[in-house]
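**Student:** One structure coming up, written as structure tokens, with questions to follow.
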Amino acid sequence: MTAFVFPGQGSHRVGMGAELAEASAAAREVFEEVDEALGQKLSRIMREGPEEQLVLTENAQPAIMAHAIAVLRVLERDAGLSIAAKGEAVAGHSLGEYTALCAARAFSLADTARLLKLRGQAMQAAVPVGVGAMCALLGADLDKAQALADAAAEVPLPGGQKEVCEVANDNDPGQVALSGHKGAIERAIALARVHGIKRAVPLPVSAPFHCSLMQPAAEAMEEALGHTPPQPFRLPLYANVTAAVVTDPNEERRLLVEQVTGRVRWRESVLAMKAAGIDRYVELGGKVVGPMIGRTVQDVSVLSVVTMADIEALVKEL
């Protein structure tokens, strides 16, 4: 049984999608459609940079999605491989959940691009630059990460309330990310070894994603998804915030709003997929979530599909 999975932020790089666009009209059409939907030449930024433009959250999110959907379109149109026929489920890490929904035809490509552009803008606007931060904990399980987050949030802000320090991403058994106020994240990094965590490193992000500081962005997405709700999807989805199967578009709309401030329960999602009998995971458009899956479950096949050669190999495998 196969699940098709999609990467989140961090899988972008200058040059992404260029080889696909040169080799396939189906890929070129994806990039052109996204450019038109956004009213900007995002494909040029993806292909040529500059890197400081590509890494902006409002550009990175639709770019990562467009790259993954380009891989999917090449698979479906050029290779004749349907994920609905070959797969049992889809899932995506953070913004990748939108890509998964696009792949499952719950959103059109143009709507997905516009939603992710807005999502990136709203996330960036929710917290002033320099107020929030994130860090990755290496060699930390969820319990250790939660204890560290609680300790780091102890110092009160003016007015008495505590600083925010929350578990943002539970990626795999040894990798958890924290998000919150910059001061609390700096304390978490300093306290990591005391809590039995091998290493804590700051993440090069411009906002504290997936924590309660993102509430203004959640409200913006609630309004946007009210105007552009997901439609029925052709494959079940494992949602980030529940780590459980979703098939109802109305429920998924609510979960996408919760996802902005909620924890990405990726490790638990992978365990749930494995428990359901899924033993092959195909990551389209990146090489980020595949390794997390490999560190979470044993005796499974994990394939990352980015290049034309990867696509040809996948067609032979499936």
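Identifiers in this document derive from the order of the structure tokens: chains are assigned A, B, ..., residues are numbered from 1 separately in each chain, and ligands are numbered from 1 in order of occurrence.
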Report as JSON lines the residues of range 71-179 of chain A within 9 Å of range 58-64 of chain A, each with its shortest atom pair and distance in Å (one decimal), using only C-alpha atoms, ordered by chain and increasing residue number.
**Tutor:**
{"residue": "A:Leu95", "atom": "CA", "partner": "A:Gln61", "partner_atom": "CA", "distance": 6.5}
{"residue": "A:Gly96", "atom": "CA", "partner": "A:Ile64", "partner_atom": "CA", "distance": 8.2}
{"residue": "A:Thr99", "atom": "CA", "partner": "A:Ile64", "partner_atom": "CA", "distance": 8.6}
{"residue": "A:Thr112", "atom": "CA", "partner": "A:Pro62", "partner_atom": "CA", "distance": 7.8}
{"residue": "A:Ala113", "atom": "CA", "partner": "A:Pro62", "partner_atom": "CA", "distance": 5.2}
{"residue": "A:Arg114", "atom": "CA", "partner": "A:Pro62", "partner_atom": "CA", "distance": 7.8}
{"residue": "A:Leu115", "atom": "CA", "partner": "A:Pro62", "partner_atom": "CA", "distance": 8.4}
{"residue": "A:Leu116", "atom": "CA", "partner": "A:Pro62", "partner_atom": "CA", "distance": 5.5}
{"residue": "A:Lys117", "atom": "CA", "partner": "A:Glu58", "partner_atom": "CA", "distance": 4.9}
{"residue": "A:Leu118", "atom": "CA", "partner": "A:Glu58", "partner_atom": "CA", "distance": 7.0}
{"residue": "A:Arg119", "atom": "CA", "partner": "A:Glu58", "partner_atom": "CA", "distance": 7.2}
{"residue": "A:Gly120", "atom": "CA", "partner": "A:Glu58", "partner_atom": "CA", "distance": 4.0}
{"residue": "A:Gln121", "atom": "CA", "partner": "A:Glu58", "partner_atom": "CA", "distance": 5.2}
{"residue": "A:Ala122", "atom": "CA", "partner": "A:Glu58", "partner_atom": "CA", "distance": 8.5}
{"residue": "A:Met123", "atom": "CA", "partner": "A:Glu58", "partner_atom": "CA", "distance": 8.6}
{"residue": "A:Gln124", "atom": "CA", "partner": "A:Glu58", "partner_atom": "CA", "distance": 7.9}
**Student:** Find the residues around Ile83 in chain A up to 9 Å (only C-alpha atoms counted), leave out those fewer than 6 positions away in its own chain, and share them as number ranges by chain.
**Tutor:** A: 3-4, 72, 75-76, 89, 103-104, 235
**Student:** Have a look at A:Leu101, A:Leu20, A:Leu81, A:Ala66 and name the one nearest to Asp35 in chain A; count only C-alpha atoms.
**Tutor:**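 That would be A:Ala66, the residue with the smallest distance to Asp35 in chain A.
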**Student:** Would you please give, as an mmCIF file with N, CA and C atoms, in the first residue's frame, all residues of range 101-246 of chain A that DSSP assigns to alpha helix (DSSP H) based on the backbone?
**Tutor:**
data_model
loop_
_atom_site.group_PDB
_atom_site.id
_atom_site.type_symbol
_atom_site.label_atom_id
_atom_site.label_comp_id
_atom_site.auth_asym_id
_atom_site.auth_seq_id
_atom_site.Cartn_x
_atom_site.Cartn_y
_atom_site.Cartn_z
ATOM 1 N N LEU A 101 -3.625 18.225 -0.801
ATOM 2 C CA LEU A 101 -5.024 18.469 -1.169
ATOM 3 C C LEU A 101 -5.147 18.842 -2.639
ATOM 4 N N CYS A 102 -4.192 19.600 -3.154
ATOM 5 C CA CYS A 102 -4.180 19.905 -4.581
ATOM 6 C C CYS A 102 -3.998 18.628 -5.398
ATOM 7 N N ALA A 103 -3.075 17.777 -4.961
ATOM 8 C CA ALA A 103 -2.846 16.508 -5.647
ATOM 9 C C ALA A 103 -4.093 15.632 -5.639
ATOM 10 N N LEU A 109 -5.089 24.049 -8.825
ATOM 11 C CA LEU A 109 -3.709 24.528 -8.717
ATOM 12 C C LEU A 109 -3.684 26.032 -8.460
ATOM 13 N N ALA A 110 -4.496 26.793 -9.185
ATOM 14 C CA ALA A 110 -4.498 28.244 -9.022
ATOM 15 C C ALA A 110 -4.951 28.637 -7.619
ATOM 16 N N ASP A 111 -5.992 27.991 -7.115
ATOM 17 C CA ASP A 111 -6.471 28.305 -5.762
ATOM 18 C C ASP A 111 -5.432 27.930 -4.710
ATOM 19 N N THR A 112 -4.754 26.806 -4.904
ATOM 20 C CA THR A 112 -3.722 26.397 -3.942
ATOM 21 C C THR A 112 -2.600 27.423 -3.893
ATOM 22 N N ALA A 113 -2.185 27.898 -5.061
ATOM 23 C CA ALA A 113 -1.124 28.904 -5.110
ATOM 24 C C ALA A 113 -1.545 30.180 -4.387
ATOM 25 N N ARG A 114 -2.776 30.622 -4.642
ATOM 26 C CA ARG A 114 -3.242 31.859 -4.001
ATOM 27 C C ARG A 114 -3.389 31.686 -2.492
ATOM 28 N N LEU A 115 -3.887 30.537 -2.062
ATOM 29 C CA LEU A 115 -4.029 30.283 -0.622
ATOM 30 C C LEU A 115 -2.673 30.266 0.072
ATOM 31 N N LEU A 116 -1.690 29.646 -0.561
ATOM 32 C CA LEU A 116 -0.368 29.565 0.062
ATOM 33 C C LEU A 116 0.354 30.910 0.047
ATOM 34 N N LYS A 117 0.138 31.702 -0.980
ATOM 35 C CA LYS A 117 0.700 33.060 -0.997
ATOM 36 C C LYS A 117 0.136 33.854 0.183
ATOM 37 N N LEU A 118 -1.187 33.788 0.354
ATOM 38 C CA LEU A 118 -1.829 34.492 1.461
ATOM 39 C C LEU A 118 -1.361 33.936 2.797
ATOM 40 N N ARG A 119 -1.252 32.622 2.892
ATOM 41 C CA ARG A 119 -0.801 31.987 4.127
ATOM 42 C C ARG A 119 0.583 32.483 4.511
ATOM 43 N N GLY A 120 1.481 32.545 3.536
ATOM 44 C CA GLY A 120 2.828 33.039 3.804
ATOM 45 C C GLY A 120 2.824 34.492 4.245
ATOM 46 N N GLN A 121 2.038 35.309 3.569
ATOM 47 C CA GLN A 121 1.957 36.725 3.940
ATOM 48 C C GLN A 121 1.369 36.895 5.336
ATOM 49 N N ALA A 122 0.310 36.130 5.626
ATOM 50 C CA ALA A 122 -0.358 36.257 6.929
ATOM 51 C C ALA A 122 0.540 35.779 8.058
ATOM 52 N N MET A 123 1.298 34.709 7.822
ATOM 53 C CA MET A 123 2.214 34.207 8.844
ATOM 54 C C MET A 123 3.318 35.230 9.123
ATOM 55 N N GLN A 124 3.831 35.842 8.061
ATOM 56 C CA GLN A 124 4.891 36.823 8.251
ATOM 57 C C GLN A 124 4.382 38.053 8.976
ATOM 58 N N ALA A 125 3.144 38.451 8.670
ATOM 59 C CA ALA A 125 2.575 39.659 9.265
ATOM 60 C C ALA A 125 2.117 39.447 10.707
ATOM 61 N N ALA A 126 1.917 38.195 11.122
ATOM 62 C CA ALA A 126 1.346 37.919 12.444
ATOM 63 C C ALA A 126 2.263 38.347 13.583
ATOM 64 N N LEU A 142 9.318 13.685 22.142
ATOM 65 C CA LEU A 142 8.275 14.666 22.414
ATOM 66 C C LEU A 142 8.217 15.049 23.892
ATOM 67 N N ASP A 143 8.375 14.084 24.780
ATOM 68 C CA ASP A 143 8.296 14.375 26.218
ATOM 69 C C ASP A 143 9.409 15.325 26.652
ATOM 70 N N LYS A 144 10.647 15.061 26.209
ATOM 71 C CA LYS A 144 11.763 15.947 26.556
ATOM 72 C C LYS A 144 11.556 17.339 25.975
ATOM 73 N N ALA A 145 11.052 17.387 24.746
ATOM 74 C CA ALA A 145 10.826 18.676 24.101
ATOM 75 C C ALA A 145 9.767 19.483 24.836
ATOM 76 N N GLN A 146 8.707 18.812 25.272
ATOM 77 C CA GLN A 146 7.643 19.517 25.981
ATOM 78 C C GLN A 146 8.144 20.053 27.326
ATOM 79 N N ALA A 147 8.932 19.255 28.023
ATOM 80 C CA ALA A 147 9.486 19.700 29.307
ATOM 81 C C ALA A 147 10.397 20.905 29.123
ATOM 82 N N LEU A 148 11.195 20.879 28.065
ATOM 83 C CA LEU A 148 12.080 22.005 27.783
ATOM 84 C C LEU A 148 11.269 23.253 27.433
ATOM 85 N N ALA A 149 10.244 23.091 26.610
ATOM 86 C CA ALA A 149 9.405 24.233 26.227
ATOM 87 C C ALA A 149 8.747 24.859 27.449
ATOM 88 N N ASP A 150 8.253 24.012 28.359
ATOM 89 C CA ASP A 150 7.612 24.525 29.580
ATOM 90 C C ASP A 150 8.609 25.317 30.430
ATOM 91 N N ALA A 151 9.830 24.800 30.540
ATOM 92 C CA ALA A 151 10.852 25.480 31.341
ATOM 93 C C ALA A 151 11.263 26.808 30.708
ATOM 94 N N ALA A 152 11.384 26.830 29.389
ATOM 95 C CA ALA A 152 11.842 28.027 28.689
ATOM 96 C C ALA A 152 10.799 29.144 28.704
ATOM 97 N N LYS A 182 11.234 35.033 20.867
ATOM 98 C CA LYS A 182 12.674 34.868 20.656
ATOM 99 C C LYS A 182 13.414 34.592 21.960
ATOM 100 N N GLY A 183 13.066 35.324 23.026
ATOM 101 C CA GLY A 183 13.745 35.117 24.303
ATOM 102 C C GLY A 183 13.550 33.720 24.844
ATOM 103 N N ALA A 184 12.330 33.192 24.715
ATOM 104 C CA ALA A 184 12.041 31.849 25.203
ATOM 105 C C ALA A 184 12.791 30.797 24.387
ATOM 106 N N ILE A 185 12.876 31.000 23.078
ATOM 107 C CA ILE A 185 13.602 30.054 22.230
ATOM 108 C C ILE A 185 15.094 30.080 22.557
ATOM 109 N N GLU A 186 15.632 31.266 22.819
ATOM 110 C CA GLU A 186 17.047 31.351 23.203
ATOM 111 C C GLU A 186 17.297 30.633 24.528
ATOM 112 N N ARG A 187 16.349 30.748 25.469
ATOM 113 C CA ARG A 187 16.478 30.016 26.740
ATOM 114 C C ARG A 187 16.405 28.517 26.503
ATOM 115 N N ALA A 188 15.527 28.102 25.605
ATOM 116 C CA ALA A 188 15.408 26.666 25.306
ATOM 117 C C ALA A 188 16.715 26.117 24.756
ATOM 118 N N ILE A 189 17.350 26.877 23.883
ATOM 119 C CA ILE A 189 18.631 26.435 23.321
ATOM 120 C C ILE A 189 19.681 26.315 24.426
ATOM 121 N N ALA A 190 19.684 27.275 25.340
ATOM 122 C CA ALA A 190 20.663 27.260 26.439
ATOM 123 C C ALA A 190 20.408 26.118 27.416
ATOM 124 N N LEU A 191 19.129 25.738 27.598
ATOM 125 C CA LEU A 191 18.760 24.719 28.584
ATOM 126 C C LEU A 191 18.702 23.299 28.005
ATOM 127 N N GLN A 215 -1.968 33.257 15.761
ATOM 128 C CA GLN A 215 -3.425 33.370 15.748
ATOM 129 C C GLN A 215 -3.950 34.364 14.701
ATOM 130 N N PRO A 216 -3.327 35.535 14.506
ATOM 131 C CA PRO A 216 -3.815 36.425 13.448
ATOM 132 C C PRO A 216 -3.786 35.772 12.059
ATOM 133 N N ALA A 217 -2.777 34.957 11.804
ATOM 134 C CA ALA A 217 -2.702 34.255 10.522
ATOM 135 C C ALA A 217 -3.794 33.200 10.417
ATOM 136 N N ALA A 218 -4.115 32.539 11.516
ATOM 137 C CA ALA A 218 -5.203 31.549 11.515
ATOM 138 C C ALA A 218 -6.525 32.222 11.158
ATOM 139 N N GLU A 219 -6.728 33.408 11.691
ATOM 140 C CA GLU A 219 -7.966 34.136 11.393
ATOM 141 C C GLU A 219 -8.027 34.533 9.922
ATOM 142 N N ALA A 220 -6.885 34.921 9.358
ATOM 143 C CA ALA A 220 -6.836 35.260 7.932
ATOM 144 C C ALA A 220 -7.135 34.045 7.068
ATOM 145 N N MET A 221 -6.611 32.877 7.468
ATOM 146 C CA MET A 221 -6.864 31.664 6.686
ATOM 147 C C MET A 221 -8.295 31.182 6.848
ATOM 148 N N GLU A 222 -8.882 31.407 8.009
ATOM 149 C CA GLU A 222 -10.290 31.041 8.188
ATOM 150 C C GLU A 222 -11.169 31.807 7.199
ATOM 151 N N GLU A 223 -10.880 33.082 7.043
ATOM 152 C CA GLU A 223 -11.646 33.890 6.086
ATOM 153 C C GLU A 223 -11.387 33.418 4.657
ATOM 154 N N ALA A 224 -10.123 33.187 4.317
ATOM 155 C CA ALA A 224 -9.776 32.769 2.955
ATOM 156 C C ALA A 224 -10.390 31.421 2.601
ATOM 157 N N LEU A 225 -10.345 30.490 3.545
ATOM 158 C CA LEU A 225 -10.896 29.151 3.290
ATOM 159 C C LEU A 225 -12.420 29.169 3.280
ATOM 160 N N GLY A 226 -13.016 30.194 3.897
ATOM 161 C CA GLY A 226 -14.462 30.366 3.780
ATOM 162 C C GLY A 226 -14.869 30.710 2.361
ATOM 163 N N HIS A 227 -13.998 31.477 1.679
ATOM 164 C CA HIS A 227 -14.262 31.841 0.284
ATOM 165 C C HIS A 227 -13.824 30.744 -0.686
#
**Student:** Applying 8 Å and only C-alpha atoms, which residues near Asn250 in chain A remain after dropping the ones on its own chain fewer than 3 positions away? List them as a ChimeraX atom specification.
**Tutor:** /A:229-230,253-254
**Student:** Taking C-alpha atoms for each residue, export the selection above as a JSON list (two decimals), in the first residue's frame.
**Tutor:**
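So out.json came out as:
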[["chain", "number", "residue", "atom", "x", "y", "z"],
["A", 229, "PRO", "CA", -13.18, 25.78, 0.74],
["A", 230, "PRO", "CA", -11.74, 22.37, -0.12],
["A", 253, "ARG", "CA", -11.30, 23.26, 6.22],
["A", 254, "ARG", "CA", -11.48, 23.54, 10.02]]
**Student:** Measuring atom to atom with only C-alpha atoms, identify which of A:His12, A:Arg44, A:Arg73, A:His93 is nearest to Thr57 in chain A.
**Tutor:** A:His12
**Student:** So how far away is CA of Phe209 in chain A from CA of Asp170 in chain A, in Å?
**Tutor:**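 CA of Asp170 in chain A sits 13.0 Å away from CA of Phe209 in chain A.
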**Student:** Skipping near chain neighbours, those fewer than 3 positions away, what residues fall within 10 Å of Ala244 in chain A using only C-alpha atoms, listed as a compact mmCIF listing (two decimals) with N, CA and C atoms, in the first residue's frame?
**Tutor:**
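Generated file (result_26.txt):
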# COMPACT_ATOMS: atom_id res chain seq x y z
N PRO A 236 -7.99 9.71 0.67
CA PRO A 236 -8.00 10.15 2.07
C PRO A 236 -6.71 10.90 2.41
N LEU A 237 -6.82 11.84 3.35
CA LEU A 237 -5.69 12.65 3.78
C LEU A 237 -5.42 12.42 5.25
N TYR A 238 -4.14 12.31 5.62
CA TYR A 238 -3.74 12.30 7.03
C TYR A 238 -3.41 13.74 7.42
N ALA A 239 -4.21 14.31 8.32
CA ALA A 239 -4.09 15.73 8.67
C ALA A 239 -3.01 15.96 9.71
N ASN A 240 -2.31 17.08 9.59
CA ASN A 240 -1.21 17.42 10.51
C ASN A 240 -1.64 17.50 11.96
N VAL A 241 -2.76 18.16 12.23
CA VAL A 241 -3.10 18.48 13.61
C VAL A 241 -3.78 17.35 14.36
N ARG A 265 1.93 17.13 13.63
CA ARG A 265 2.14 15.80 14.25
C ARG A 265 2.58 14.80 13.18
N GLU A 268 3.49 11.10 14.39
CA GLU A 268 2.28 10.33 14.67
C GLU A 268 1.50 10.01 13.39
N SER A 269 1.54 10.91 12.43
CA SER A 269 0.87 10.65 11.15
C SER A 269 1.50 9.45 10.45
N VAL A 270 2.83 9.41 10.48
CA VAL A 270 3.53 8.29 9.85
C VAL A 270 3.19 6.98 10.57
N LEU A 271 3.18 7.00 11.90
CA LEU A 271 2.81 5.80 12.65
C LEU A 271 1.38 5.36 12.32
N ALA A 272 0.48 6.33 12.16
CA ALA A 272 -0.90 5.99 11.82
C ALA A 272 -1.00 5.38 10.43
N MET A 273 -0.24 5.92 9.49
CA MET A 273 -0.25 5.35 8.14
C MET A 273 0.31 3.93 8.15
**Student:** Go through A:Ile278, A:Ala18, A:Leu42, A:Leu178 and flag the residue nearest Asp299 in chain A, using only C-alpha atoms for the distances.
**Tutor:**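 Between A:Ile278, A:Ala18, A:Leu42, A:Leu178, the residue approaching Asp299 in chain A most closely is A:Ile278.
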**Student:** What is the CA of Lys198 in chain A-CA of Ala136 in chain A distance in Å, reported with one decimal?
**Tutor:**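 Straight-line distance from CA of Lys198 in chain A to CA of Ala136 in chain A works out to 10.9 Å.
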**Student:** So which residues touch Ala313 in chain A within 12 Å, counting only C-alpha atoms, skipping near sequence neighbours fewer than 3 positions away, as a ChimeraX atom specification?
**Tutor:** /A:75,79,282,303-310,316-318
**Student:** Got a sec to tell me which of range 161-247 of chain A DSSP assigns to strand (DSSP E), as a list of chain:residue names?
**Tutor:**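 Assigned to strand (DSSP E), within range 161-247 of chain A: A:Cys165, A:Glu166, A:Val167, A:Ala168, A:Asn169, A:Asp170, A:Asn171, A:Asp172, A:Gln175, A:Val176, A:Ala177, A:Leu178, A:Ser179, A:Gly180, A:His181, A:Arg199, A:Ala200, A:Val201, A:Pro202, A:Leu237, A:Tyr238, A:Val245, A:Val246.
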**Student:** Work out how far CA of Pro173 in chain A is from CA of Val289 in chain A, in Å to one decimal.
**Tutor:**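 The value is 13.1 Å.
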**Student:** Measuring between only C-alpha atoms, which one of A:Asp172, A:His181, A:Met65, A:Gly277 shows the shortest distance to Ser94 in chain A?
**Tutor:** A:Met65
